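Colleague: Sharing final.txt, compact mmCIF, C-alpha atoms:
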# COMPACT_ATOMS: atom_id res chain seq x y z
CA MET A 1 -13.18 196.97 75.09
CA LYS A 2 -13.88 199.12 78.15
CA LYS A 3 -14.44 202.17 75.94
CA ILE A 4 -16.77 200.20 73.72
CA LEU A 5 -18.85 199.23 76.75
CA LEU A 6 -19.03 202.84 77.87
CA VAL A 7 -20.12 203.97 74.42
CA SER A 8 -22.66 201.19 74.27
CA ALA A 9 -24.04 202.19 77.65
CA VAL A 10 -24.63 205.66 76.27
CA VAL A 11 -26.13 204.36 73.05
CA PHE A 12 -28.48 202.16 75.05
CA THR A 13 -30.05 205.23 76.61
CA ILE A 14 -30.78 207.19 73.45
CA GLY A 15 -34.55 206.66 73.47
CA ILE A 16 -35.19 209.58 75.79
CA THR A 17 -37.62 212.30 74.85
CA VAL A 18 -38.10 215.53 76.64
CA ASN A 19 -40.97 215.98 79.07
CA ALA A 20 -44.24 217.01 77.50
CA GLN A 21 -44.88 220.70 77.06
CA THR A 22 -47.14 222.69 79.31
CA ALA A 23 -49.98 224.75 77.94
CA ALA A 24 -47.76 227.84 78.08
CA ASP A 25 -45.44 226.19 75.55
CA ALA A 26 -48.13 225.86 72.86
CA GLY A 27 -46.71 226.41 69.39
CA LYS A 28 -43.11 225.78 70.39
CA GLU A 29 -41.18 222.91 68.84
CA THR A 30 -41.67 219.60 70.62
CA LYS A 31 -38.65 217.34 70.61
CA TYR A 32 -39.35 213.63 70.44
CA ARG A 33 -37.81 210.50 69.09
CA ARG A 34 -38.32 210.24 65.35
CA SER A 35 -37.51 207.68 62.70
CA SER A 36 -34.63 208.57 60.38
CA LEU A 37 -35.09 208.79 56.63
CA HIS A 38 -33.08 208.96 53.41
CA LEU A 39 -34.65 209.60 49.98
CA ILE A 40 -33.42 208.30 46.63
CA LEU A 41 -34.82 209.21 43.20
CA LEU A 42 -34.78 206.53 40.51
CA GLU A 43 -33.72 208.35 37.38
CA SER A 44 -35.89 207.88 34.31
CA ASP A 45 -35.82 208.60 30.60
CA ASN A 46 -39.50 209.53 30.84
CA PHE A 47 -38.85 212.93 32.41
CA PRO A 48 -40.01 215.99 30.41
CA SER A 49 -36.85 217.68 31.62
CA LYS A 50 -34.54 215.57 33.75
CA GLU A 51 -32.77 218.59 35.21
CA ILE A 52 -36.05 220.26 36.25
CA VAL A 53 -37.47 217.08 37.78
CA THR A 54 -34.31 216.31 39.71
CA LYS A 55 -34.08 219.88 40.95
CA ALA A 56 -37.76 219.91 41.99
CA TYR A 57 -37.41 216.58 43.77
CA ASN A 58 -34.36 217.72 45.71
CA ALA A 59 -35.96 221.10 46.51
CA ASN A 60 -39.09 219.52 47.97
CA PRO A 61 -39.14 220.15 51.75
CA PHE A 62 -37.87 217.13 53.65
CA PRO A 63 -40.69 215.34 55.56
CA ASP A 64 -40.55 217.15 58.89
CA LYS A 65 -41.77 214.19 60.95
CA TYR A 66 -38.51 212.32 60.28
CA ASN A 67 -34.86 212.92 61.11
CA ASN A 68 -33.00 213.87 57.94
CA HIS A 69 -30.52 211.04 57.36
CA THR A 70 -29.49 212.16 53.87
CA ILE A 71 -26.21 210.84 52.50
CA ALA A 72 -24.46 211.50 49.19
CA ASP A 73 -26.40 208.84 47.25
CA LYS A 74 -29.51 210.86 46.32
CA SER A 75 -30.33 209.17 43.01
CA PHE A 76 -29.23 206.41 40.69
CA ASP A 77 -29.91 205.25 37.15
CA PRO A 78 -31.59 201.80 37.15
CA LYS A 79 -30.11 201.08 33.71
CA LYS A 80 -26.66 200.93 35.30
CA TYR A 81 -27.90 198.08 37.49
CA ALA A 82 -29.75 196.17 34.79
CA LEU A 83 -30.44 192.56 35.65
CA THR A 84 -28.62 189.79 33.86
CA ALA A 85 -30.59 186.93 32.34
CA ALA A 86 -29.74 184.80 35.39
CA GLU A 87 -30.94 187.51 37.80
CA LYS A 88 -34.29 188.08 36.13
CA PRO A 89 -37.36 186.15 37.31
CA ALA A 90 -38.47 183.54 34.82
CA LYS A 91 -41.19 184.75 32.43
CA SER A 92 -42.87 183.01 29.56
CA ALA A 93 -42.74 184.42 26.05
CA ALA A 94 -46.47 185.13 26.32
CA GLU A 95 -45.97 187.16 29.52
CA ASN A 96 -43.20 189.21 27.90
CA ALA A 97 -45.33 189.85 24.80
CA LEU A 98 -48.34 190.83 26.92
CA GLY A 99 -46.22 193.25 28.97
CA SER A 100 -44.81 194.91 25.86
CA ALA A 101 -48.25 195.20 24.28
CA ALA A 102 -49.71 196.77 27.42
CA GLN A 103 -46.86 199.27 27.58
CA ASP A 104 -47.32 200.26 23.93
CA ALA A 105 -51.12 200.46 24.19
CA THR A 106 -50.99 202.79 27.19
CA GLY A 107 -48.19 205.00 25.92
CA GLY A 108 -45.91 203.79 28.67
CA LEU A 109 -48.39 204.11 31.57
CA ILE A 110 -47.92 200.40 32.20
CA ASP A 111 -44.24 199.62 32.73
CA LYS A 112 -43.45 196.11 31.58
CA ASP A 113 -40.26 196.11 33.66
CA ALA A 114 -41.93 197.23 36.91
CA ALA A 115 -41.68 193.72 38.38
CA ASP A 116 -37.89 193.87 38.03
CA MET A 117 -37.50 197.14 39.95
CA PRO A 118 -37.29 195.62 43.47
CA LEU A 119 -34.53 193.31 42.21
CA ILE A 120 -32.72 196.26 40.63
CA ILE A 121 -32.99 198.23 43.89
CA ASN A 122 -31.62 195.28 45.85
CA LYS A 123 -28.72 195.03 43.42
CA TYR A 124 -27.99 198.73 43.87
CA ILE A 125 -28.17 198.46 47.67
CA LYS A 126 -25.65 195.62 47.64
CA GLN A 127 -23.19 197.05 45.10
CA SER A 128 -23.25 200.60 46.51
CA LYS A 129 -23.04 199.33 50.13
CA LEU A 130 -25.82 201.78 50.89
CA ALA A 131 -26.58 200.32 54.33
CA ASN A 132 -22.93 200.69 55.37
CA LYS A 133 -23.11 204.37 54.43
CA LEU A 134 -26.25 204.86 56.53
CA ILE A 135 -24.56 203.33 59.58
CA ALA A 136 -21.42 205.36 58.90
CA LYS A 137 -23.55 208.50 59.13
CA TRP A 138 -25.12 207.35 62.39
CA PHE A 139 -21.66 207.13 63.98
CA ASN A 140 -19.96 209.96 62.06
CA ARG A 141 -17.35 207.66 60.52
CA GLN A 142 -14.12 209.40 59.51
CA ALA A 143 -11.63 208.61 56.75
CA ASP A 144 -9.44 206.69 59.20
CA GLY A 145 -12.38 204.46 60.16
CA SER A 146 -13.00 206.03 63.59
CA PHE A 147 -16.51 206.70 64.91
CA ASP A 148 -18.27 208.78 67.54
CA TYR A 149 -21.82 208.75 68.93
CA ASN A 150 -22.60 212.48 68.75
CA LEU A 151 -25.47 212.11 66.26
CA VAL A 152 -26.92 209.19 68.19
CA ALA A 153 -26.80 211.31 71.33
CA GLU A 154 -28.36 214.33 69.59
CA ARG A 155 -31.29 212.33 68.25
CA GLY A 156 -31.70 210.47 71.51
CA ILE A 157 -32.39 213.79 73.27
CA PHE A 158 -30.82 213.42 76.71
CA ASP A 159 -28.93 215.73 79.04
CA ALA A 160 -25.31 215.70 80.12
CA SER A 161 -26.01 214.68 83.71
CA PHE A 162 -27.78 211.54 82.54
CA ILE A 163 -24.83 210.64 80.30
CA ASP A 164 -22.38 211.15 83.15
CA LYS A 165 -24.47 208.90 85.36
CA LYS A 166 -24.56 206.12 82.79
CA LYS A 167 -20.83 206.39 82.07
CA ALA A 168 -20.07 206.15 85.78
CA GLY A 169 -22.31 203.12 86.09
CA ALA A 170 -20.83 201.19 83.16
CA SER A 171 -19.17 197.99 84.32
CA ASN A 172 -18.30 194.48 83.28
CA ASN A 173 -22.01 193.92 82.83
CA GLY A 174 -21.56 195.29 79.33
CA ASN A 175 -22.77 192.23 77.44
CA SER A 176 -26.41 192.93 78.27
CA ILE A 177 -25.90 196.58 77.35
CA LEU A 178 -24.41 195.60 74.00
CA MET A 179 -27.39 193.37 73.24
CA SER A 180 -29.73 196.37 73.56
CA ALA A 181 -27.53 199.13 72.15
CA GLY A 182 -29.28 201.36 69.68
CA ILE A 183 -32.49 199.35 69.82
CA GLU A 184 -34.73 202.40 69.98
CA LEU A 185 -33.28 204.51 67.17
CA ILE A 186 -31.02 202.84 64.65
CA PRO A 187 -33.46 200.13 63.46
CA ASN A 188 -35.95 202.90 62.67
CA THR A 189 -33.86 204.05 59.71
CA PHE A 190 -35.70 204.01 56.39
CA VAL A 191 -34.94 204.62 52.72
CA VAL A 192 -37.64 205.48 50.21
CA PHE A 193 -36.80 204.87 46.55
CA THR A 194 -39.09 206.83 44.23
CA LYS A 195 -39.69 206.35 40.53
CA MET A 196 -41.62 209.04 38.67
CA ASN A 197 -43.06 208.98 35.16
CA TYR A 198 -44.47 212.09 33.47
CA PHE A 199 -47.03 211.85 30.68
CA PRO A 200 -48.42 214.80 28.68
CA ASN A 201 -52.17 215.09 29.22
CA GLU A 202 -52.98 216.02 25.62
CA PRO A 203 -52.81 212.52 24.01
CA ILE A 204 -55.02 211.04 26.74
CA ALA A 205 -57.39 214.00 26.64
CA ALA A 206 -57.68 213.57 22.86
CA ILE A 207 -58.56 209.89 23.22
CA LEU A 208 -61.28 210.71 25.74
CA ARG A 209 -62.64 213.53 23.54
CA ASP A 210 -62.81 211.30 20.48
CA ALA A 211 -64.55 208.54 22.45
CA ALA A 212 -67.09 211.01 23.80
CA LYS A 213 -67.80 212.37 20.31
CA LEU A 214 -68.20 208.87 18.93
CA LYS A 215 -70.75 208.12 21.61
CA ALA A 216 -72.49 211.46 21.00
CA GLN A 217 -73.16 210.48 17.39
CA ASP A 218 -75.76 208.01 18.64
CA ILE A 219 -77.85 210.86 20.05
CA LYS A 220 -80.85 211.39 17.74
CA MET A 221 -81.78 214.95 18.69
CA GLU A 222 -79.54 217.39 16.83
CA MET A 223 -79.46 219.98 19.61
CA LEU A 224 -78.49 217.45 22.28
CA ARG A 225 -75.93 215.88 19.96
CA GLN A 226 -74.28 219.25 19.35
CA LYS A 227 -74.21 220.02 23.07
CA ALA A 228 -72.53 216.69 23.73
CA MET A 229 -69.94 217.47 21.03
CA GLN A 230 -69.30 220.89 22.53
CA ALA A 231 -68.97 219.37 26.01
CA ALA A 232 -66.39 216.91 24.67
CA ASP A 233 -64.36 219.76 23.16
CA ALA A 234 -64.62 221.80 26.38
CA ALA A 235 -63.46 218.85 28.45
CA TYR A 236 -60.54 218.35 26.08
CA ASP A 237 -59.51 222.01 26.28
CA LYS A 238 -59.55 221.83 30.08
CA ALA A 239 -57.68 218.54 30.38
CA LYS A 240 -55.09 218.81 27.60
CA GLU A 241 -52.70 221.15 29.42
CA GLY A 242 -49.99 219.97 31.75
CA TYR A 243 -48.87 216.54 32.84
CA SER A 244 -50.11 213.46 34.64
CA VAL A 245 -47.51 212.19 37.06
CA TRP A 246 -47.33 208.54 38.05
CA THR A 247 -45.18 207.78 41.06
CA LYS A 248 -44.19 204.50 42.66
CA SER A 249 -42.20 204.43 45.89
CA TYR A 250 -40.45 201.50 47.55
CA LEU A 251 -39.95 201.52 51.32
CA TYR A 252 -36.89 199.85 52.87
CA GLN A 253 -35.71 199.58 56.48
CA LEU A 254 -32.17 199.23 57.80
CA LYS A 255 -31.55 195.77 59.24
CA TRP A 256 -30.17 196.18 62.76
CA ASN A 257 -30.58 193.59 65.49
CA ASP A 258 -28.68 192.17 68.47
CA THR A 259 -26.38 190.02 66.34
CA ILE A 260 -25.53 192.87 63.97
CA SER A 261 -25.04 195.45 66.74
CA ASN A 262 -22.75 193.05 68.63
CA GLU A 263 -20.66 192.60 65.50
CA PHE A 264 -20.43 196.36 65.06
CA TYR A 265 -19.52 197.28 68.65
CA ASN A 266 -17.16 194.35 69.29
CA ASN A 267 -15.30 194.12 65.98
CA GLN A 268 -15.71 197.41 64.11
CA TYR A 269 -16.33 200.34 66.46
CA MET A 270 -13.31 202.47 67.41
CA GLU A 271 -12.92 206.07 68.42
CA LYS A 272 -10.38 208.67 67.38
CA GLY A 273 -7.00 207.84 68.90
CA THR A 274 -7.67 204.10 68.98
CA VAL A 275 -7.64 203.38 65.24
CA ASP A 276 -7.19 199.73 64.32
CA ALA A 277 -6.67 198.75 60.66
CA LYS A 278 -8.35 195.38 61.23
CA LYS A 279 -11.49 197.01 62.59
CA LYS A 280 -11.56 199.48 59.72
CA ALA A 281 -11.35 196.60 57.23
CA ALA A 282 -14.00 194.66 59.15
CA PHE A 283 -16.53 197.48 58.68
CA ASP A 284 -15.58 198.01 55.02
CA ASN A 285 -16.00 194.32 54.24
CA TYR A 286 -19.17 193.71 56.25
CA ASN A 287 -22.36 193.66 54.18
CA TYR A 288 -24.99 195.59 56.10
CA THR A 289 -28.30 195.59 54.31
CA LEU A 290 -31.83 196.97 53.99
CA VAL A 291 -35.01 194.91 54.02
CA PRO A 292 -38.07 195.74 51.87
CA ILE A 293 -41.17 196.82 53.79
CA GLY A 294 -43.56 197.58 50.94
CA GLU A 295 -44.50 199.91 48.11
CA ASP A 296 -47.31 202.20 46.95
CA ASN A 297 -48.39 204.41 44.05
CA ALA A 298 -49.68 207.93 43.58
CA VAL A 299 -51.07 209.85 40.60
CA SER A 300 -51.39 213.61 40.17
CA LEU A 301 -52.66 215.80 37.36
CA VAL A 302 -51.38 219.35 37.15
CA THR A 303 -52.50 221.75 34.44
CA PHE A 304 -50.98 224.90 33.05
CA SER A 305 -53.98 227.15 33.65
CA LEU A 306 -55.75 227.45 36.99
CA LYS A 307 -55.65 230.98 38.36
CA GLU A 308 -52.43 231.99 36.71
CA ASN A 309 -50.38 231.20 33.64
CA ARG A 310 -47.79 228.59 34.54
CA THR A 311 -44.63 227.70 32.75
CA GLU A 312 -43.77 224.10 32.02
CA GLN A 313 -41.12 224.24 34.72
CA GLN A 314 -43.65 225.44 37.30
CA ILE A 315 -46.13 222.65 36.64
CA ILE A 316 -43.39 220.03 36.69
CA GLU A 317 -42.17 221.32 40.03
CA LEU A 318 -45.69 221.40 41.48
CA ALA A 319 -46.55 217.94 40.17
CA THR A 320 -43.34 216.52 41.61
CA LYS A 321 -44.01 217.96 45.07
CA ARG A 322 -47.65 216.86 45.12
CA ASN A 323 -46.90 213.30 44.13
CA VAL A 324 -44.03 212.85 46.58
CA ASP A 325 -46.33 214.06 49.37
CA LYS A 326 -49.14 211.75 48.22
CA VAL A 327 -47.07 208.60 48.12
CA PHE A 328 -45.52 209.35 51.53
CA ALA A 329 -48.96 209.77 53.07
CA LYS A 330 -50.02 206.41 51.63
CA LEU A 331 -46.90 204.62 52.87
CA GLN A 332 -47.41 206.04 56.36
CA LYS A 333 -51.02 204.88 56.49
CA LYS A 334 -50.27 201.46 55.06
CA TYR A 335 -47.23 200.36 57.08
CA GLU A 336 -47.33 200.50 60.87
CA VAL A 337 -43.55 200.65 61.27
CA PHE A 338 -43.37 203.80 59.09
CA LYS A 339 -46.09 205.76 60.89
CA THR A 340 -45.09 209.08 62.37
CA LYS A 341 -46.02 210.83 65.58
CA THR A 342 -47.09 214.49 65.61
CA PRO A 343 -47.30 216.80 68.62
CA LEU A 344 -50.62 218.39 69.54
CA PHE A 345 -50.51 222.08 68.69
CA THR A 346 -53.36 223.10 71.01
CA ALA A 347 -55.55 221.13 73.43
CA ASP A 348 -58.76 223.19 73.46
CA PRO A 349 -59.66 223.07 70.65
CA ILE A 350 -57.68 219.94 69.81
CA THR A 351 -55.46 220.79 66.83
CA ALA A 352 -52.27 219.60 65.14
CA LYS A 353 -50.08 220.93 62.34
CA ILE A 354 -50.86 218.20 59.83
CA GLY A 355 -53.34 218.10 56.98
CA MET A 356 -54.10 217.00 53.44
CA LYS A 357 -50.39 216.64 52.61
CA GLU A 358 -50.28 213.83 55.17
CA GLY A 359 -53.41 212.26 53.68
CA LEU A 360 -55.90 213.26 56.39
CA GLU A 361 -59.57 212.63 55.71
CA ASP A 362 -62.74 213.45 57.65
CA GLY A 363 -63.23 210.97 60.48
CA ASP A 364 -59.67 209.58 60.54
CA LYS A 365 -58.97 208.23 64.03
CA TYR A 366 -55.84 209.05 66.03
CA GLU A 367 -54.54 207.91 69.39
CA VAL A 368 -53.09 210.49 71.77
CA LEU A 369 -49.86 209.30 73.41
CA GLU A 370 -48.01 210.39 76.51
CA ASN A 371 -44.32 209.58 76.75
CA ASN A 372 -43.11 208.00 80.00
CA ILE A 373 -39.37 207.73 80.65
CA ASP A 374 -37.70 205.18 82.90
CA PRO A 375 -35.34 207.28 85.05
CA GLU A 376 -32.92 204.35 85.45
CA THR A 377 -32.56 203.18 81.85
CA GLY A 378 -33.72 206.24 79.91
CA LYS A 379 -35.94 204.01 77.76
CA SER A 380 -39.20 205.56 76.66
CA GLU A 381 -42.67 204.06 76.65
CA TYR A 382 -45.75 205.55 75.00
CA LYS A 383 -49.06 205.28 76.87
CA GLN A 384 -52.39 205.97 75.15
CA VAL A 385 -54.30 208.80 76.84
CA THR A 386 -57.37 208.91 74.60
CA THR A 387 -58.48 208.81 70.98
CA ILE A 388 -59.59 211.66 68.72
CA LYS A 389 -61.08 212.01 65.23
CA VAL A 390 -60.49 214.48 62.43
CA LYS A 391 -63.33 217.00 62.49
CA LYS A 392 -65.40 217.18 59.32
CA GLY A 393 -64.54 220.14 57.15
CA MET A 394 -61.68 221.25 59.39
CA ILE A 395 -58.67 219.75 57.60
CA TRP A 396 -55.77 222.05 56.77
CA ASP A 397 -54.92 222.04 53.05
CA ASN A 398 -51.13 222.12 53.26
CA THR A 399 -50.53 220.49 49.89
CA ALA A 400 -48.11 222.04 47.42
CA GLY A 401 -49.76 224.89 45.52
CA ALA A 402 -52.85 224.96 47.76
CA GLU A 403 -52.69 228.74 48.00
CA LEU A 404 -53.39 228.96 44.26
CA THR A 405 -56.81 227.32 44.59
CA ALA A 406 -57.83 228.65 48.02
CA ASP A 407 -61.26 230.29 48.27
CA PRO A 408 -60.62 233.85 49.53
CA SER A 409 -64.21 234.06 50.83
CA LYS A 410 -63.53 231.35 53.40
CA PRO A 411 -61.39 231.78 56.54
CA ALA A 412 -57.87 230.42 56.18
CA ILE A 413 -57.07 227.21 58.07
CA ASP A 414 -53.49 226.63 59.21
CA ARG A 415 -54.02 223.51 61.33
CA THR A 416 -56.36 220.52 61.50
CA THR A 417 -59.03 220.32 64.21
CA PHE A 418 -60.04 217.08 65.92
CA ASP A 419 -63.16 215.96 67.79
CA GLY A 420 -62.62 214.45 71.23
CA LYS A 421 -62.44 215.11 74.94
CA SER A 422 -59.81 217.74 75.70
CA LYS A 423 -59.64 216.97 79.43
CA ASN A 424 -56.10 216.04 80.51
CA LEU A 425 -54.71 216.98 77.08
CA TYR A 426 -51.99 219.58 76.61
CA PRO A 427 -49.73 220.79 73.78
CA GLY A 428 -46.82 218.45 73.23
CA LEU A 429 -48.65 215.15 73.61
CA LEU A 430 -48.11 213.05 70.51
CA ILE A 431 -50.75 211.73 68.14
CA ARG A 432 -50.51 208.75 65.79
CA GLN A 433 -53.07 207.48 63.31
CA ILE A 434 -54.93 204.26 64.00
CA ASN A 435 -55.82 202.04 61.05
Take the structure from the file and write it as C-alpha cells.
Modeller:
Amino acid sequence: MKKILLVSAVVFTIGITVNAQTAADAGKETKYRRSSLHLILLESDNFPSKEIVTKAYNANPFPDKYNNHTIADKSFDPKKYALTAAEKPAKSAAENALGSAAQDATGGLIDKDAADMPLIINKYIKQSKLANKLIAKWFNRQADGSFDYNLVAERGIFDASFIDKKKAGASNNGNSILMSAGIELIPNTFVVFTKMNYFPNEPIAAILRDAAKLKAQDIKMEMLRQKAMQAADAAYDKAKEGYSVWTKSYLYQLKWNDTISNEFYNNQYMEKGTVDAKKKAAFDNYNYTLVPIGEDNAVSLVTFSLKENRTEQQIIELATKRNVDKVFAKLQKKYEVFKTKTPLFTADPITAKIGMKEGLEDGDKYEVLENNIDPETGKSEYKQVTTIKVKKGMIWDNTAGAELTADPSKPAIDRTTFDGKSKNLYPGLLIRQIN
C-alpha cells in the first residue's frame, strides 16, 4: 500500500507544464499538457479500394496538438458487431421502408443504418475492452499485470527534483492524494471513431447535367439555349472526375473519476516485483468504459485533374486526408472538452502555426493563456492574458494538397496572423479558440 501511495503522489503532480518561452526561444517546441488521442477507422464496403483507403488513413499525420495514445486496435468491421433484434432501437415498418428508399434514391449517400452506429460502437468498446487497453497503455502494463508510471510522468512534464520532493513527502495522508490522482491527464483521453464513404462523382454530375439541360429547354432564344446546354456539359466534364467523400466521426472520452481511480490504485495497481494474481485478475475483469461526447460530419470533393494528372490512388489519399482534417476541426470547435491549445509562434506580429486544416476562418476569436504552476502541488492553472482575432486574409492554408492549388504570384504563408495587442505577449503562451 505504501508504494501505491508513493506512486499516486507522483501521479497527482503530473499536470506540470514547463515555464513559458522567452522571445529568444521563438520557433522552438513548446511543451505543455495535451489531451491524449486514439483513432479508429470503421471499415466499410463502400471503399473504392479498401487497402488504399486504410493505408491513406493510417499514413495521415497524427494530429500534433494531441498526445499519440495509439494502441493495436486501429480499425474494426461494424458487421462483426451487428446488433441483434433485441439490441436495435424499435422502428416502425414505415420508418424502415423510408430509410431503405432514401438510401436507394441517393445511391447510398443516406445510410439507413446510421442511427445504429453509436450502438455498434458501444458494443465494440465493451466486447474489445477498449478502455482497459487505453489505461494499460497509460501505465505500461506488462504481461504479468505489473504497471509503471513512466508515460504518465513523461506527459506530465516535470523534473526529477520535484518527483524526489513529492516522494519524500508522501505519508499516511495518501487517501486525499488517491482521490486526485491522474485528474489532470488521464480523463482527457479521447477516441475518435471515423466512418468514411466514397462516391464516384460521375453519376451525380450526370444527374445535375441532365437537370440543367432539361431546364435549358425552356429557354426560347436558340443562342441562349445552346449556351446553357454547353455550360451544362462543361460543368459535367469538370465535376465528373474523382470522388466525393462523406465522413462521420464519433467522439468518445475515457471515463475516469475518483471512484474509478481509487479502484485502480487500491485493487489493481502493482509494480514489477510485487505481482499479485488477484490484482491482475481484478484489472482484467473490471469493465472500464468510454462515454460518448458527440459526433460531426465532413464532405470533400477531390477531382483527378487540377494542375496535374492524378491517379485514382492519389485522389483517394488526398480525399481521405482532407476529410479527416475537416471533421477534426469541426469536433474541436463544437465540443469544449476536445479543444486544443496551441503555442504562439511569434508575439509581434502575433502568429501561430495553425490554419485552414484546423478550420480557422477570418475573425475567429482566441484567448491567450498563461500557465501558472503551484510550486507545492505541481497543479497547473491557465490564466487569460488577452484575446486575439484571426486577421482577414492572413490564414495559413495547411490543408492536404494545398501546394497544388497555391497561387505562385502571391507570397507564401506558413503561419496564421492574428489582430490584437502584442504587449506582454511572448512566444510559448498558449491560445485556445473561444466559441
Colleague: Just checking: using only C-alpha atoms, which residue out of A:Ile293, A:Ile354, A:Leu369, A:Ile315 ends up closest to Gly401 of chain A?
Modeller: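 Of the candidates, the smallest distance to Gly401 of chain A is held by A:Ile315.
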Colleague: Just give me the gap between atom CA of Lys55 of chain A and atom CA of Gln142 of chain A in Å, one decimal is fine.
Modeller: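 If I compute the distance from atom CA of Lys55 of chain A to atom CA of Gln142 of chain A, I get 29.2 Å.
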Colleague: What does the distance between atom CA of Leu301 of chain A and atom CA of Lys330 of chain A come to in Å, to one decimal place?
Modeller: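 Value for the atom CA of Leu301 of chain A-atom CA of Lys330 of chain A distance: 17.3 Å.
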Colleague: Quote the spacing between atom CA of Asp348 of chain A and atom CA of Tyr366 of chain A in Å to one decimal place.
Modeller: 16.2 Å
Colleague: What's around Lys129 of chain A at 10 Å? Count all atoms listed in the file, leave out sequence neighbours fewer than 5 positions away in its own chain, and write the answer as a ChimeraX atom specification.
Modeller: /A:123-124,134,284-290
Colleague: Determine, counting all atoms listed in the file, which protein, DNA and RNA residues have an atom within 9 Å of an atom of Pro200 of chain A; residues of the same chain fewer than 5 positions away are not included. Present the result as a tab-separated table (two decimals) with C-alpha atoms, keeping the file's coordinate frame.
Modeller:
chain	number	residue	atom	x	y	z
A	48	PRO	CA	-40.01	215.99	30.41
A	240	LYS	CA	-55.09	218.81	27.60
A	241	GLU	CA	-52.70	221.15	29.42
A	242	GLY	CA	-49.99	219.97	31.75
A	243	TYR	CA	-48.87	216.54	32.84
A	244	SER	CA	-50.11	213.46	34.64
A	245	VAL	CA	-47.51	212.19	37.06
Colleague: Counting all atoms listed in the file, which residues sit no farther than 10 Å from the position (-58.5, 212.8, 23.1) in the file's frame? I'd like them as number ranges by chain.
Modeller: A: 201-213, 232-233, 235-237, 239-240
Colleague: Looking at A:Lys74, A:Lys392, A:Lys357, A:Lys341, which one is nearest to Arg432 of chain A, with distances taken over only C-alpha atoms?
Modeller: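 Closest to Arg432 of chain A, using only C-alpha atoms: A:Lys341.
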Colleague: Could you name the residues that touch segment 58-65 of chain A at 8 Å or less, counting all atoms listed in the file, but leaving out those on the same chain fewer than 3 positions away, as a list in words?
Modeller: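 Once the adjacent positions are removed, what remains is Arg34, Ser35, Thr54, Lys55, Asn68, Lys321, Thr340, Lys341 and Thr342 of chain A.
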Colleague: Go ahead and find all residues with at least one atom no further than 10 Å from (-34.3, 207.5, 33.4) in the file's coordinates, using only C-alpha atoms; report them as a ChimeraX atom specification.
Modeller: /A:41-47,50,76-79,195-197
Colleague: Given the selection you just returned, output its residues as a file containing C-alpha atoms, formatted as a PDB file, keeping the file's coordinate frame.
Modeller:
ATOM      1  CA  LEU A  41     -34.820 209.210  43.200  1.00  0.00           C
ATOM      2  CA  LEU A  42     -34.780 206.530  40.510  1.00  0.00           C
ATOM      3  CA  GLU A  43     -33.720 208.350  37.380  1.00  0.00           C
ATOM      4  CA  SER A  44     -35.890 207.880  34.310  1.00  0.00           C
ATOM      5  CA  ASP A  45     -35.820 208.600  30.600  1.00  0.00           C
ATOM      6  CA  ASN A  46     -39.500 209.530  30.840  1.00  0.00           C
ATOM      7  CA  PHE A  47     -38.850 212.930  32.410  1.00  0.00           C
ATOM      8  CA  LYS A  50     -34.540 215.570  33.750  1.00  0.00           C
ATOM      9  CA  PHE A  76     -29.230 206.410  40.690  1.00  0.00           C
ATOM     10  CA  ASP A  77     -29.910 205.250  37.150  1.00  0.00           C
ATOM     11  CA  PRO A  78     -31.590 201.800  37.150  1.00  0.00           C
ATOM     12  CA  LYS A  79     -30.110 201.080  33.710  1.00  0.00           C
ATOM     13  CA  LYS A 195     -39.690 206.350  40.530  1.00  0.00           C
ATOM     14  CA  MET A 196     -41.620 209.040  38.670  1.00  0.00           C
ATOM     15  CA  ASN A 197     -43.060 208.980  35.160  1.00  0.00           C
TER      16      ASN A 197
END
Colleague: From the options A:Ala143, A:Leu429, A:Val275, A:Val291, which residue's atoms come nearest to Asn122 of chain A, counting only C-alpha atoms?
Modeller: A:Val291
Colleague: Return the single residue from A:Tyr269, A:Tyr335, A:Trp246, A:Tyr81 that is closest to Asn140 of chain A, with distances computed using all atoms listed in the file.
Modeller: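 Distance minimum relative to Asn140 of chain A lands on A:Tyr269.
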Colleague: A:Phe193, A:Trp138, A:Phe264, A:Phe345: which is nearest Gly428 of chain A, counting only C-alpha atoms?
Modeller: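 Of all the options, A:Phe345 lies closest to Gly428 of chain A.
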Colleague: Hey, which of A:Ser75, A:Asn188, A:Ser146, A:Thr84 ends up closest to Ser128 of chain A? Count all atoms listed in the file.
Modeller: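 Among the listed residues, A:Ser75 lies closest to Ser128 of chain A.
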Colleague: Near Asp148 of chain A, counting all atoms listed in the file, which residues have an atom at most 8 Å away, once you skip same-chain residues fewer than 5 positions from it, shown as a list in words?
Modeller: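 Everything that qualifies: Phe139, Asn140, Arg141, Glu271 and Lys272 of chain A.
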